[in-house]
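**Student:** Enclosed is the structure file target28.cif (mmCIF, C-alpha atoms (C1' of nucleotides)).
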```cif
data_protein
loop_
_atom_site.label_atom_id
_atom_site.label_comp_id
_atom_site.auth_asym_id
_atom_site.auth_seq_id
_atom_site.Cartn_x
_atom_site.Cartn_y
_atom_site.Cartn_z
CA MET A 1 93.23 93.14 88.91
CA SER A 2 93.85 96.62 90.15
CA ASP A 3 95.59 97.49 86.93
CA ALA A 4 92.51 98.82 85.25
CA SER A 5 91.43 100.91 88.22
CA LEU A 6 94.99 102.11 88.55
CA TRP A 7 95.02 103.73 85.12
CA THR A 8 91.50 104.99 85.57
CA ALA A 9 92.38 106.49 88.91
CA LEU A 10 95.36 108.36 87.54
CA ALA A 11 93.52 109.48 84.43
CA ASP A 12 91.84 112.23 86.40
CA PRO A 13 93.91 115.41 86.77
CA HIS A 14 92.60 116.16 90.24
CA ARG A 15 93.55 112.73 91.41
CA ARG A 16 97.02 113.17 90.00
CA VAL A 17 97.24 116.39 91.95
CA ILE A 18 96.18 114.55 95.09
CA VAL A 19 98.74 111.86 94.46
CA GLY A 20 101.33 114.56 93.98
CA LEU A 21 100.36 116.13 97.27
CA LEU A 22 100.61 112.82 99.03
CA LEU A 23 104.00 112.27 97.50
CA GLU A 24 105.33 115.08 99.64
CA ARG A 25 103.77 113.84 102.81
CA PRO A 26 100.68 112.16 104.20
CA ARG A 27 97.87 114.62 104.66
CA PRO A 28 94.44 114.71 106.22
CA VAL A 29 91.46 115.25 103.97
CA GLY A 30 91.09 118.87 104.95
CA GLU A 31 94.51 119.70 103.63
CA ILE A 32 93.79 117.98 100.36
CA VAL A 33 90.50 119.76 100.01
CA ASP A 34 92.20 123.07 100.54
CA ALA A 35 95.02 122.25 98.17
CA CYS A 36 93.14 120.98 95.16
CA GLY A 37 90.32 123.48 95.40
CA LEU A 38 87.49 121.01 95.20
CA SER A 39 84.60 120.61 97.54
CA GLN A 40 85.07 118.26 100.43
CA PRO A 41 82.64 115.63 99.15
CA SER A 42 84.25 115.57 95.73
CA THR A 43 87.65 115.25 97.29
CA SER A 44 86.45 112.42 99.44
CA LYS A 45 85.11 110.68 96.39
CA HIS A 46 88.41 111.07 94.60
CA LEU A 47 90.15 109.70 97.62
CA ARG A 48 87.80 106.78 97.53
CA VAL A 49 88.77 106.04 93.95
CA LEU A 50 92.43 106.30 94.81
CA ARG A 51 91.95 104.06 97.79
CA ASP A 52 90.06 101.57 95.69
CA ALA A 53 92.93 101.53 93.24
CA GLY A 54 95.30 100.87 96.12
CA LEU A 55 97.15 104.10 95.50
CA VAL A 56 96.54 105.53 98.94
CA ARG A 57 96.03 104.24 102.42
CA VAL A 58 94.14 105.79 105.26
CA ARG A 59 95.05 106.08 108.83
CA GLN A 60 92.56 107.34 111.33
CA ASP A 61 93.76 110.00 113.71
CA ALA A 62 90.91 111.13 115.92
CA GLN A 63 88.30 112.57 113.57
CA ARG A 64 90.92 113.07 110.96
CA ARG A 65 91.70 110.64 108.19
CA VAL A 66 95.30 110.88 107.16
CA TYR A 67 95.87 109.66 103.65
CA ALA A 68 99.25 108.39 102.58
CA LEU A 69 100.61 107.28 99.28
CA ASP A 70 101.13 103.62 98.59
CA PRO A 71 103.96 103.33 96.10
CA ALA A 72 103.23 99.76 95.07
CA PRO A 73 100.65 100.51 92.37
CA ILE A 74 102.84 103.18 90.87
CA ALA A 75 105.56 100.58 90.78
CA GLU A 76 103.14 98.57 88.67
CA LEU A 77 102.97 101.49 86.31
CA ASP A 78 106.72 101.56 86.18
CA ALA A 79 106.77 97.87 85.41
CA TRP A 80 104.24 98.40 82.66
CA LEU A 81 106.28 100.94 80.83
CA ALA A 82 109.52 99.12 81.41
CA PRO A 83 109.37 97.45 77.98
CA TYR A 84 108.89 100.86 76.41
CA ARG A 85 111.80 102.42 78.16
CA LYS A 86 114.34 100.86 75.90
CA LEU A 87 112.50 102.40 72.97
CA TRP A 88 113.03 105.97 73.95
CA ASN A 89 116.50 105.16 75.10
CA SER A 90 117.40 104.50 71.52
CA SER A 91 115.33 107.45 70.38
CA LEU A 92 117.04 109.80 72.77
CA ASP A 93 120.32 108.41 71.68
CA ALA A 94 119.57 109.40 68.12
CA LEU A 95 118.34 112.77 69.29
CA GLY A 96 121.46 113.19 71.32
CA HIS A 97 123.51 112.80 68.20
CA ARG A 98 121.52 115.55 66.58
CA LEU A 99 121.85 117.83 69.55
CA ASP A 100 125.51 117.12 69.73
CA GLU A 101 125.92 118.33 66.21
CA THR A 102 123.88 121.43 66.89
CA ALA A 103 125.72 122.34 70.06
CA PRO A 104 129.38 121.37 69.81
CA GLY A 105 131.38 121.82 72.95
CA GLU A 106 128.38 121.23 75.21
CA PRO A 107 128.03 117.92 76.95
CA PRO A 108 125.03 116.06 75.59
CA ASP A 109 123.06 116.28 78.79
CA HIS A 110 119.61 115.61 77.44
CA THR A 111 117.50 114.48 80.29
CA GLN A 112 114.29 115.11 78.46
CA ALA A 113 113.18 115.11 74.88
CA PRO A 114 111.87 118.49 73.74
CA THR A 115 109.06 116.95 71.84
CA SER A 116 106.90 119.98 71.39
CA LYS A 117 104.04 118.26 69.73
CA ASP A 118 101.63 121.09 69.06
CA MET B 119 100.11 120.11 77.00
CA SER B 120 99.57 116.60 75.78
CA ASP B 121 99.91 115.34 79.30
CA ALA B 122 96.20 115.18 79.93
CA SER B 123 95.40 113.43 76.69
CA LEU B 124 98.29 111.11 77.33
CA TRP B 125 96.77 109.77 80.53
CA THR B 126 93.33 109.73 79.05
CA ALA B 127 94.60 107.82 76.05
CA LEU B 128 96.29 105.18 78.13
CA ALA B 129 93.39 104.90 80.54
CA ASP B 130 91.49 102.79 78.06
CA PRO B 131 92.37 99.09 78.14
CA HIS B 132 91.89 98.64 74.42
CA ARG B 133 94.25 101.44 73.70
CA ARG B 134 96.81 99.94 76.01
CA VAL B 135 96.46 96.71 74.08
CA ILE B 136 97.02 98.61 70.86
CA VAL B 137 100.07 100.30 72.29
CA GLY B 138 101.33 96.91 73.38
CA LEU B 139 100.82 95.56 69.91
CA LEU B 140 102.69 98.47 68.41
CA LEU B 141 105.49 97.96 70.86
CA GLU B 142 106.32 94.71 69.12
CA ARG B 143 106.25 96.23 65.70
CA PRO B 144 104.39 98.69 63.49
CA ARG B 145 101.14 97.30 62.18
CA PRO B 146 98.44 98.27 59.72
CA VAL B 147 94.95 98.95 61.05
CA GLY B 148 93.62 95.61 59.89
CA GLU B 149 96.03 93.74 62.08
CA ILE B 150 95.10 95.87 65.06
CA VAL B 151 91.41 95.35 64.42
CA ASP B 152 91.93 91.62 64.29
CA ALA B 153 94.11 91.60 67.37
CA CYS B 154 92.04 93.65 69.76
CA GLY B 155 88.69 92.26 68.65
CA LEU B 156 86.95 95.55 68.15
CA SER B 157 85.14 96.78 65.09
CA GLN B 158 87.17 98.63 62.52
CA PRO B 159 85.58 102.03 63.19
CA SER B 160 86.11 101.72 66.90
CA THR B 161 89.69 100.73 66.36
CA SER B 162 90.20 103.68 64.05
CA LYS B 163 88.78 105.96 66.68
CA HIS B 164 91.10 104.56 69.30
CA LEU B 165 93.98 105.06 66.94
CA ARG B 166 92.88 108.63 66.49
CA VAL B 167 92.98 109.20 70.20
CA LEU B 168 96.41 107.65 70.39
CA ARG B 169 97.59 109.73 67.49
CA ASP B 170 96.16 112.84 69.08
CA ALA B 171 98.07 112.04 72.22
CA GLY B 172 101.21 111.67 70.16
CA LEU B 173 101.57 108.07 71.12
CA VAL B 174 101.52 106.68 67.61
CA ARG B 175 102.56 107.79 64.14
CA VAL B 176 101.09 106.78 60.83
CA ARG B 177 102.81 105.83 57.63
CA GLN B 178 100.78 105.40 54.52
CA ASP B 179 101.50 102.31 52.49
CA ALA B 180 99.12 102.09 49.54
CA GLN B 181 95.65 101.83 51.03
CA ARG B 182 97.14 100.65 54.25
CA ARG B 183 97.97 102.86 57.18
CA VAL B 184 100.81 101.47 59.19
CA TYR B 185 100.80 102.67 62.76
CA ALA B 186 103.98 102.83 64.76
CA LEU B 187 104.66 103.66 68.37
CA ASP B 188 106.16 106.98 69.34
CA PRO B 189 108.05 106.48 72.58
CA ALA B 190 108.31 110.15 73.51
CA PRO B 191 104.97 110.50 75.33
CA ILE B 192 105.60 107.36 77.29
CA ALA B 193 108.87 108.90 78.27
CA GLU B 194 106.79 111.74 79.68
CA LEU B 195 104.98 109.19 81.76
CA ASP B 196 108.28 107.89 82.99
CA ALA B 197 109.32 111.39 83.88
CA TRP B 198 106.09 111.87 85.78
CA LEU B 199 106.54 108.88 87.98
CA ALA B 200 110.23 109.49 88.46
CA PRO B 201 109.65 111.27 91.79
CA TYR B 202 107.64 108.30 92.95
CA ARG B 203 110.30 105.83 92.04
CA LYS B 204 112.40 106.69 95.03
CA LEU B 205 109.43 105.89 97.22
CA TRP B 206 109.34 102.24 96.40
CA ASN B 207 113.08 102.25 96.47
CA SER B 208 112.87 103.20 100.11
CA SER B 209 110.60 100.19 100.57
CA LEU B 210 107.34 100.02 102.38
CA ASP B 211 109.06 100.23 105.69
CA ALA B 212 109.77 103.87 105.03
CA LEU B 213 106.12 104.46 104.37
CA GLY B 214 105.25 103.00 107.70
CA HIS B 215 107.72 105.37 109.24
CA ARG B 216 106.08 108.32 107.53
CA LEU B 217 102.75 107.29 108.88
CA ASP B 218 104.28 107.03 112.28
CA GLU B 219 105.60 110.57 112.09
CA THR B 220 102.14 111.96 111.68
CA ALA B 221 100.89 110.32 114.82
CA PRO B 222 103.46 110.33 117.60
CA GLY B 223 102.50 108.14 120.49
CA GLU B 224 100.67 105.66 118.35
CA PRO B 225 102.14 102.22 117.94
CA PRO B 226 103.38 101.60 114.40
CA ASP B 227 100.66 99.09 113.83
CA HIS B 228 99.90 99.96 110.23
CA THR B 229 97.62 97.03 109.76
CA GLN B 230 95.22 98.91 107.62
CA ALA B 231 91.86 97.36 107.17
CA PRO B 232 91.01 96.51 103.57
CA THR B 233 88.58 98.73 101.79
CA SER B 234 85.53 97.09 103.17
CA LYS B 235 83.56 100.02 104.35
CA ASP B 236 79.95 99.85 103.42
"C1'" DC C 237 74.12 113.94 126.96
"C1'" DG C 238 74.52 117.84 123.23
"C1'" DG C 239 77.27 120.43 120.09
"C1'" DT C 240 81.10 120.69 117.06
"C1'" DT C 241 84.51 119.05 113.89
"C1'" DA C 242 85.99 115.93 110.17
"C1'" DT C 243 84.89 112.88 106.70
"C1'" DA C 244 81.94 109.79 103.88
"C1'" DT C 245 77.83 108.82 101.21
"C1'" DG C 246 73.38 109.49 98.41
"C1'" DC C 247 71.06 111.94 95.14
"C1'" DC C 248 70.79 114.72 91.00
"C1'" DA C 249 72.22 116.88 86.78
"C1'" DG C 250 75.63 117.86 83.28
"C1'" DT C 251 79.35 116.12 80.50
"C1'" DC C 252 82.04 113.05 78.08
"C1'" DA C 253 83.71 108.83 76.23
"C1'" DA C 254 82.88 104.33 73.85
"C1'" DG C 255 80.77 101.22 70.72
"C1'" DG C 256 78.07 100.08 66.61
"C1'" DA C 257 76.18 100.85 62.02
"C1'" DA C 258 76.25 103.35 58.03
"C1'" DT C 259 78.79 106.24 55.17
"C1'" DA C 260 82.57 108.92 53.12
"C1'" DT C 261 87.29 108.93 51.37
"C1'" DA C 262 91.33 107.18 49.18
"C1'" DT C 263 94.02 103.90 46.85
"C1'" DC C 264 94.61 99.90 44.21
"C1'" DG C 265 93.63 96.62 40.12
"C1'" DC C 266 91.48 95.96 35.78
"C1'" DG D 267 86.26 104.80 34.18
"C1'" DC D 268 84.36 100.81 37.73
"C1'" DG D 269 84.63 97.74 41.48
"C1'" DA D 270 87.18 96.25 45.47
"C1'" DT D 271 89.97 97.00 49.47
"C1'" DA D 272 91.44 99.69 53.53
"C1'" DT D 273 90.69 103.23 56.62
"C1'" DA D 274 88.47 107.46 58.56
"C1'" DT D 275 84.46 109.98 59.94
"C1'" DT D 276 79.61 110.97 61.29
"C1'" DC D 277 75.44 110.01 63.84
"C1'" DC D 278 73.31 108.06 67.60
"C1'" DT D 279 72.65 105.75 71.92
"C1'" DT D 280 74.18 104.14 76.19
"C1'" DG D 281 76.78 104.14 80.11
"C1'" DA D 282 80.21 106.02 83.20
"C1'" DC D 283 82.42 109.74 85.53
"C1'" DT D 284 82.29 114.24 87.89
"C1'" DG D 285 80.81 117.88 90.79
"C1'" DG D 286 77.80 120.09 94.07
"C1'" DC D 287 74.47 119.98 97.66
"C1'" DA D 288 72.43 117.96 101.50
"C1'" DT D 289 72.84 114.57 104.75
"C1'" DA D 290 74.63 110.66 107.44
"C1'" DT D 291 78.30 108.91 110.32
"C1'" DA D 292 81.93 109.07 113.62
"C1'" DA D 293 84.93 111.00 117.00
"C1'" DC D 294 86.19 114.74 119.90
"C1'" DC D 295 85.02 118.25 123.89
"C1'" DG D 296 82.22 120.25 127.42
#
```
Could you show the structure in this file as structure tokens?
**Tutor:**
Amino acid sequence: MSDASLWTALADPHRRVIVGLLLERPRPVGEIVDACGLSQPSTSKHLRVLRDAGLVRVRQDAQRRVYALDPAPIAELDAWLAPYRKLWNSSLDALGHRLDETAPGEPPDHTQAPTSKD
Amino acid sequence: MSDASLWTALADPHRRVIVGLLLERPRPVGEIVDACGLSQPSTSKHLRVLRDAGLVRVRQDAQRRVYALDPAPIAELDAWLAPYRKLWNSSLDALGHRLDETAPGEPPDHTQAPTSKD
DNA sequence: CGGTTATATGCCAGTCAAGGAATATATCGC
DNA sequence: GCGATATATTCCTTGACTGGCATATAACCG
């Protein structure tokens, strides 16, 4: 089950950065190294973890290895939190009522909950 | 930013189990201990991590501590993967096209070898 | 073929998280 | 008050993860 490695892979901030980079477009390792500010070996190791989790795929282009995002595992994530989504739907609904009272005349366009917890 | 602790908190399988249990309904620690099969101290420590990440809230009921899920942080997760959602909406065919863009002249044979490289 | 570029891997040290056992704390019942 | 119940915290040990460095591997160019 790649589920465990999926969460573990995304638990690392650098790897989330890499995933974010690959969201924009596939990139060779050199670009990723330059972008996330890690050494090349460390970056390669992170890419290995991501590849092992199925989050990225590699395509060889001459000496270059172009990494691309594989959306399927992230879809798994989405499926995981699907049951929770209805929870904050109701929570945001309640919050929306509060905001509506605080700001009358403004459309209750609350795309995110300002939960400043700290 | 509780983002980092959020991912770290959910990276642990036991904590995901706990979150799943609390999705059904709020529970006292004893129930969680019994459900996830860990020792009571370990469970308490996991609950601390979850609480620190803002994922759960506690309500004191006599000697019992009833933990309940707080959906807001998971909504953060949802917000994080929102940009990725469109990717799997575009289907894997689009991904193949992206890969093709990077290497013009190469046949779109994205039959990537599995991660057997050792 | 040799040299260069691009990436992966092995090794080593530092850090951090997890689990268990024992203990502290708090609340209840008597 | 005392004992019992329920939970949190501390200490300790073990194991995993991370990063850097050096090196191996592989593909290009001449």
**Student:** Apply the PyMOL selection byres ((chain B) within 7 of (chain A)) to the file shown and report the selected residues as a ChimeraX atom specification.
**Tutor:** /B:125-126,129,189-190,193,202,205-206,233
**Student:** Work out how far C1' of DA270 in chain D is from C1' of DG265 in chain C, in Å to one decimal.
**Tutor:**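 Atom-to-atom, C1' of DG265 in chain C and C1' of DA270 in chain D are spaced 8.4 Å apart.
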**Student:** Applying the PyMOL selection byres ((chain D) within 10 of (chain A)) to the file I just gave you, which residues come out? Please list them as a list in words.
**Tutor:**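 With the shown file as input, the PyMOL selection byres ((chain D) within 10 of (chain A)) matches DC283, DT284, DG285, DG286, DC287, DA292, DA293 and DC294 of chain D.
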**Student:** Just how far from C1' of DA253 in chain C is C1' of DA272 in chain D, in Å to one decimal?
**Tutor:**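 Going from C1' of DA272 in chain D over to C1' of DA253 in chain C, I get 25.7 Å.
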**Student:** Residues of chain C within 12 Å of chain B, counting all atoms listed in the file, what are they? List them as a VMD selection string.
**Tutor:** chain C and resid 244 to 245 252 to 259 261 to 264
**Student:** I'd like the interatomic distance between CA of Val147 in chain B and CA of Leu165 in chain B, to a tenth of an Å.
**Tutor:**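 Those two atoms sit 8.5 Å apart.
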**Student:** For a quick check of understanding, using all atoms listed in the file, which of B:Ser162, B:Gly155, B:Val167, B:Leu140 has the smallest distance to DA274 in chain D?
**Tutor:**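 Ranked by minimum distance to DA274 in chain D, first place goes to B:Ser162.
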